[in-house]
Amino acid sequence: MKRQLLITATLILAVFAARAQKPDTARMMIHYKFSWVQDTANRAHPYTENMVLYIGKSAGAYRSYDAVVYKAQFKKAFAEAAAASPDGRPMINRRGVGTPTEYYQYPNEQKLVTKEDLFVNSYAITGPMPAIDWKTSDDTATFGGLHCQKATGHFKGRDYIAWFCPDLPVHTGPWKLNGLPGVIVDARDAKNEVVFQFDGVEKTIPTSPKSGPAVDEKDVPPIARDLDDDMNLIAPPPRAIKTTQKEFEKVKEALRKNPNGVLGAMNAGNGPKADHIVGKAAPGGPPAINNPIELPEKK
């Protein structure tokens, strides 16, 4: 009898585990005009990017919408080039468009997964959801038909003003902002140096099921491996290497010290050569950043 109960309990736990591991599916998207004053000596020209928050039943995924649009355009161009190529492997360049970092918030589990890219590999870095001590007020406003309430909070050296929608009761928001009883649809720091400005809301388009024979990913050139990813699934790409922040920093340091050796090892484990897949760096190098988003706390 005890053995039967144990088997039954094990089966029940397995079912719950399977349910817990099933990725949430986005039902709507909140668009943001992201603005960040990276150089305080050049406030007139902040960094800007179109970003988007995919919202599911209990989780959210925040990524570059510019990258989403470009990937859709590149997928079409790659398919056309592959059809015209004798071996189906066109020599086509894919530019780096948009911020590659993505954030996956799981409020019920108090878990934040950050997806980072290094050359042809993606890494899924799991950590705790940042805690923010919000103070809500009775002030209200409407953003695109969404009735919102005001809140203020301090996070990573900045004082933030946020507007959240109680009618969307998912405790998520752009970037790492979270913890309010509704989706954060607009947020900015007190100096307007970091701004997540509401830019629209829309329902997601259901993803069509894949058709045709399954293809082993190792036979797909690295340049095309993420083109069929379902953007509505709130989960890092299945190919992303699960790691911790500490281990990821080790990989970055190894890449800094011996780039040729590390890139060679990465390439060797990624099937077809990737020598033509990385876009050229922007001329002039990266912009000066003397005003990071995450500031040190004042003592």
# chains A, B, ... in the order shown; residues from 1 in each chain; ligands from 1
call {"tool": "residues_around", "arguments": {"residues": "stretch 41-50 of chain A", "least_positions_apart": "3", "cutoff": "8 Å", "atoms": "only C-alpha atoms", "output": "PDB file with C-alpha atoms, in the first residue's frame"}}
result
ATOM      1  CA  HIS A  31       6.256  48.435 -26.723  1.00  0.00           C
ATOM      2  CA  TYR A  32       8.731  50.950 -25.301  1.00  0.00           C
ATOM      3  CA  LYS A  33      10.888  53.755 -26.647  1.00  0.00           C
ATOM      4  CA  PHE A  34      14.019  53.129 -24.619  1.00  0.00           C
ATOM      5  CA  SER A  35      16.360  56.073 -24.035  1.00  0.00           C
ATOM      6  CA  TRP A  36      19.598  56.104 -22.053  1.00  0.00           C
ATOM      7  CA  VAL A  37      22.004  59.017 -21.514  1.00  0.00           C
ATOM      8  CA  GLN A  38      25.247  57.068 -21.698  1.00  0.00           C
ATOM      9  CA  SER A  64      14.979  44.478 -28.536  1.00  0.00           C
ATOM     10  CA  TYR A  65      12.073  44.987 -30.917  1.00  0.00           C
ATOM     11  CA  ASP A  66      14.515  46.332 -33.494  1.00  0.00           C
ATOM     12  CA  GLY A  98      19.628  45.740 -31.534  1.00  0.00           C
TER      13      GLY A  98
END
call {"tool": "residues_around", "arguments": {"residues": "A:Phe196", "least_positions_apart": "4", "cutoff": "12 Å", "atoms": "only C-alpha atoms", "output": "JSON, numbers by chain"}}
result
{"A": [30, 31, 32, 33, 34, 35, 36, 48, 49, 50, 51, 52, 53, 62, 160, 161, 162, 163, 173, 174, 175, 176, 177, 184, 185, 186, 187, 188, 189, 192, 200]}
call {"tool": "closest_residue", "arguments": {"among": "A:Ile92, A:Met231, A:Leu118, A:Ala67", "to": "A:Ile205", "atoms": "only C-alpha atoms"}}
result
A:Met231
call {"tool": "residues_around", "arguments": {"residues": "stretch 103-114 of chain A", "least_positions_apart": "4", "cutoff": "7 Å", "atoms": "only C-alpha atoms", "output": "mmCIF file with C-alpha atoms, in the first residue's frame"}}
result
data_model
loop_
_atom_site.group_PDB
_atom_site.id
_atom_site.type_symbol
_atom_site.label_atom_id
_atom_site.label_comp_id
_atom_site.auth_asym_id
_atom_site.auth_seq_id
_atom_site.Cartn_x
_atom_site.Cartn_y
_atom_site.Cartn_z
ATOM 1 C CA SER A 58 2.688 34.671 -15.141
ATOM 2 C CA ALA A 59 5.972 35.684 -16.783
ATOM 3 C CA GLY A 60 7.528 38.200 -19.142
ATOM 4 C CA ALA A 61 10.297 38.418 -21.742
ATOM 5 C CA TYR A 62 11.990 41.744 -22.536
ATOM 6 C CA ARG A 63 14.064 42.135 -25.691
ATOM 7 C CA ALA A 124 21.201 31.655 -20.005
ATOM 8 C CA ILE A 125 22.263 33.128 -16.662
ATOM 9 C CA THR A 126 19.864 32.375 -13.823
ATOM 10 C CA GLY A 127 19.664 34.516 -10.704
ATOM 11 C CA PRO A 128 17.161 35.879 -8.185
ATOM 12 C CA MET A 129 14.576 38.454 -9.184
ATOM 13 C CA HIS A 171 4.338 41.357 -11.676
ATOM 14 C CA THR A 172 6.745 42.106 -14.501
ATOM 15 C CA TRP A 175 14.514 45.328 -18.143
ATOM 16 C CA ILE A 234 8.794 33.084 -22.625
ATOM 17 C CA ALA A 235 11.944 31.015 -22.274
#
call {"tool": "residues_around", "arguments": {"residues": "stretch 132-137 of chain A", "least_positions_apart": "3", "cutoff": "8 Å", "atoms": "only C-alpha atoms", "output": "compact mmCIF listing (two decimals) with N, CA and C atoms, in the first residue's frame"}}
result
# COMPACT_ATOMS: atom_id res chain seq x y z
N GLN A 149 -1.57 53.04 -12.53
CA GLN A 149 -1.37 53.67 -11.24
C GLN A 149 0.12 53.97 -11.07
N LYS A 150 0.42 55.02 -10.33
CA LYS A 150 1.79 55.47 -10.17
C LYS A 150 2.48 54.79 -8.98
N ALA A 151 3.78 54.57 -9.14
CA ALA A 151 4.59 54.04 -8.05
C ALA A 151 5.99 54.63 -8.16
N THR A 152 6.67 54.73 -7.03
CA THR A 152 8.05 55.20 -7.02
C THR A 152 8.90 54.19 -6.26
N GLY A 153 10.15 54.04 -6.70
CA GLY A 153 11.03 53.09 -6.04
C GLY A 153 12.48 53.38 -6.37
N HIS A 154 13.37 52.88 -5.53
CA HIS A 154 14.80 53.06 -5.73
C HIS A 154 15.41 51.74 -6.17
N PHE A 155 16.21 51.79 -7.27
CA PHE A 155 16.80 50.56 -7.79
C PHE A 155 18.12 50.87 -8.47
N LEU A 177 13.02 45.75 -14.01
CA LEU A 177 12.00 46.35 -13.16
C LEU A 177 10.86 45.36 -12.96
N ASN A 178 10.40 45.21 -11.72
CA ASN A 178 9.38 44.21 -11.41
C ASN A 178 8.82 44.49 -10.03
N GLY A 179 7.88 43.64 -9.62
CA GLY A 179 7.43 43.66 -8.23
C GLY A 179 6.20 44.49 -7.94
N LEU A 180 5.57 45.07 -8.96
CA LEU A 180 4.33 45.82 -8.75
C LEU A 180 3.13 44.93 -9.10
call {"tool": "select_by_dssp", "arguments": {"residues": "stretch 45-192 of chain A", "states": "alpha helix (DSSP H)", "output": "list of chain:residue names"}}
result
A:Tyr65, A:Asp66, A:Ala67, A:Val68, A:Val69, A:Tyr70, A:Lys71, A:Ala72, A:Gln73, A:Phe74, A:Lys75, A:Lys76, A:Ala77, A:Phe78, A:Ala79, A:Glu80, A:Ala81, A:Ala82, A:Ala83, A:Ala84
call {"tool": "closest_residue", "arguments": {"among": "A:Ala84, A:Ala190, A:Val183, A:Cys165", "to": "A:Cys148", "atoms": "only C-alpha atoms"}}
result
A:Cys165
call {"tool": "select_by_dssp", "arguments": {"residues": "stretch 93-172 of chain A", "states": "strand (DSSP E)", "output": "PyMOL selection string"}}
result
chain A and resi 102-106+111-118+121-128+135-143+146-155+158-165
call {"tool": "write_last_selection", "arguments": {"atoms": "C-alpha atoms", "output": "PDB file, in the first residue's frame"}}
result
ATOM      1  CA  GLU A 102      17.243  39.545 -23.162  1.00  0.00           C
ATOM      2  CA  TYR A 103      15.559  39.295 -19.760  1.00  0.00           C
ATOM      3  CA  TYR A 104      13.076  36.601 -18.708  1.00  0.00           C
ATOM      4  CA  GLN A 105      11.188  37.331 -15.496  1.00  0.00           C
ATOM      5  CA  TYR A 106       9.415  34.588 -13.533  1.00  0.00           C
ATOM      6  CA  LYS A 111      13.732  34.039 -10.810  1.00  0.00           C
ATOM      7  CA  LEU A 112      15.388  36.204 -13.442  1.00  0.00           C
ATOM      8  CA  VAL A 113      17.088  34.608 -16.447  1.00  0.00           C
ATOM      9  CA  THR A 114      19.359  36.819 -18.533  1.00  0.00           C
ATOM     10  CA  LYS A 115      20.293  35.695 -22.042  1.00  0.00           C
ATOM     11  CA  GLU A 116      23.680  36.914 -23.209  1.00  0.00           C
ATOM     12  CA  ASP A 117      25.418  36.242 -26.531  1.00  0.00           C
ATOM     13  CA  LEU A 118      29.122  35.642 -27.059  1.00  0.00           C
ATOM     14  CA  ASN A 121      26.968  30.861 -28.378  1.00  0.00           C
ATOM     15  CA  SER A 122      24.092  32.036 -26.185  1.00  0.00           C
ATOM     16  CA  TYR A 123      24.164  31.781 -22.398  1.00  0.00           C
ATOM     17  CA  ALA A 124      21.201  31.655 -20.005  1.00  0.00           C
ATOM     18  CA  ILE A 125      22.263  33.128 -16.662  1.00  0.00           C
ATOM     19  CA  THR A 126      19.864  32.375 -13.823  1.00  0.00           C
ATOM     20  CA  GLY A 127      19.664  34.516 -10.704  1.00  0.00           C
ATOM     21  CA  PRO A 128      17.161  35.879  -8.185  1.00  0.00           C
ATOM     22  CA  LYS A 135       5.692  53.019  -2.884  1.00  0.00           C
ATOM     23  CA  THR A 136       2.354  53.219  -4.687  1.00  0.00           C
ATOM     24  CA  SER A 137       0.223  56.368  -4.837  1.00  0.00           C
ATOM     25  CA  ASP A 138      -3.352  57.221  -5.802  1.00  0.00           C
ATOM     26  CA  ASP A 139      -2.217  59.018  -8.968  1.00  0.00           C
ATOM     27  CA  THR A 140      -3.600  57.476 -12.136  1.00  0.00           C
ATOM     28  CA  ALA A 141      -3.022  57.874 -15.870  1.00  0.00           C
ATOM     29  CA  THR A 142      -4.000  56.147 -19.088  1.00  0.00           C
ATOM     30  CA  PHE A 143      -1.496  54.747 -21.594  1.00  0.00           C
ATOM     31  CA  LEU A 146      -4.521  50.930 -20.196  1.00  0.00           C
ATOM     32  CA  HIS A 147      -5.554  52.423 -16.868  1.00  0.00           C
ATOM     33  CA  CYS A 148      -2.441  52.722 -14.724  1.00  0.00           C
ATOM     34  CA  GLN A 149      -1.369  53.674 -11.235  1.00  0.00           C
ATOM     35  CA  LYS A 150       1.795  55.471 -10.166  1.00  0.00           C
ATOM     36  CA  ALA A 151       4.592  54.037  -8.049  1.00  0.00           C
ATOM     37  CA  THR A 152       8.054  55.200  -7.016  1.00  0.00           C
ATOM     38  CA  GLY A 153      11.033  53.093  -6.041  1.00  0.00           C
ATOM     39  CA  HIS A 154      14.804  53.062  -5.731  1.00  0.00           C
ATOM     40  CA  PHE A 155      16.801  50.560  -7.786  1.00  0.00           C
ATOM     41  CA  ARG A 158      18.418  55.505  -9.311  1.00  0.00           C
ATOM     42  CA  ASP A 159      15.000  56.760  -8.198  1.00  0.00           C
ATOM     43  CA  TYR A 160      12.320  55.477 -10.577  1.00  0.00           C
ATOM     44  CA  ILE A 161       8.804  56.631 -11.350  1.00  0.00           C
ATOM     45  CA  ALA A 162       6.721  53.812 -12.791  1.00  0.00           C
ATOM     46  CA  TRP A 163       3.187  53.402 -14.063  1.00  0.00           C
ATOM     47  CA  PHE A 164       1.680  49.937 -13.764  1.00  0.00           C
ATOM     48  CA  CYS A 165      -1.580  48.438 -14.979  1.00  0.00           C
TER      49      CYS A 165
END
call {"tool": "closest_residue", "arguments": {"among": "A:Pro236, A:Pro23, A:Asn93, A:Glu202", "to": "A:Ala81", "atoms": "only C-alpha atoms"}}
result
A:Asn93
call {"tool": "closest_residue", "arguments": {"among": "A:Asp230, A:Glu294, A:Glu193, A:Glu247", "to": "A:Val68", "atoms": "only C-alpha atoms"}}
result
A:Asp230
call {"tool": "closest_residue", "arguments": {"among": "A:Ala224, A:Lys156, A:Tyr54, A:Lys203", "to": "A:Phe74", "atoms": "only C-alpha atoms"}}
result
A:Ala224
call {"tool": "decode", "arguments": {"residues": "stretch 51-89 of chain A", "atoms": "C-alpha atoms", "output": "short mmCIF file (atom, residue, chain, number, x, y, z; two decimals), in the first residue's frame"}}
result
data_model
loop_
_atom_site.label_atom_id
_atom_site.label_comp_id
_atom_site.auth_asym_id
_atom_site.auth_seq_id
_atom_site.Cartn_x
_atom_site.Cartn_y
_atom_site.Cartn_z
CA MET A 51 12.14 47.50 -27.03
CA VAL A 52 9.26 45.14 -26.29
CA LEU A 53 7.92 43.17 -23.33
CA TYR A 54 6.18 39.89 -24.14
CA ILE A 55 3.61 39.14 -21.42
CA GLY A 56 2.27 35.69 -20.58
CA LYS A 57 0.00 34.43 -17.81
CA SER A 58 2.69 34.67 -15.14
CA ALA A 59 5.97 35.68 -16.78
CA GLY A 60 7.53 38.20 -19.14
CA ALA A 61 10.30 38.42 -21.74
CA TYR A 62 11.99 41.74 -22.54
CA ARG A 63 14.06 42.14 -25.69
CA SER A 64 14.98 44.48 -28.54
CA TYR A 65 12.07 44.99 -30.92
CA ASP A 66 14.52 46.33 -33.49
CA ALA A 67 16.22 42.93 -33.36
CA VAL A 68 12.88 41.12 -33.67
CA VAL A 69 11.98 43.08 -36.81
CA TYR A 70 15.42 42.63 -38.34
CA LYS A 71 15.39 38.88 -37.67
CA ALA A 72 12.07 38.53 -39.51
CA GLN A 73 13.50 40.47 -42.45
CA PHE A 74 16.72 38.44 -42.45
CA LYS A 75 14.79 35.15 -42.28
CA LYS A 76 13.05 36.04 -45.53
CA ALA A 77 16.30 37.18 -47.17
CA PHE A 78 18.13 34.05 -46.03
CA ALA A 79 15.40 31.77 -47.40
CA GLU A 80 15.55 33.51 -50.76
CA ALA A 81 19.36 33.34 -50.84
CA ALA A 82 19.34 29.67 -49.80
CA ALA A 83 16.91 28.83 -52.60
CA ALA A 84 19.25 30.46 -55.11
CA SER A 85 22.41 28.87 -53.67
CA PRO A 86 23.68 25.61 -55.25
CA ASP A 87 24.34 23.97 -51.87
CA GLY A 88 21.62 25.74 -49.86
CA ARG A 89 24.24 27.52 -47.75
#
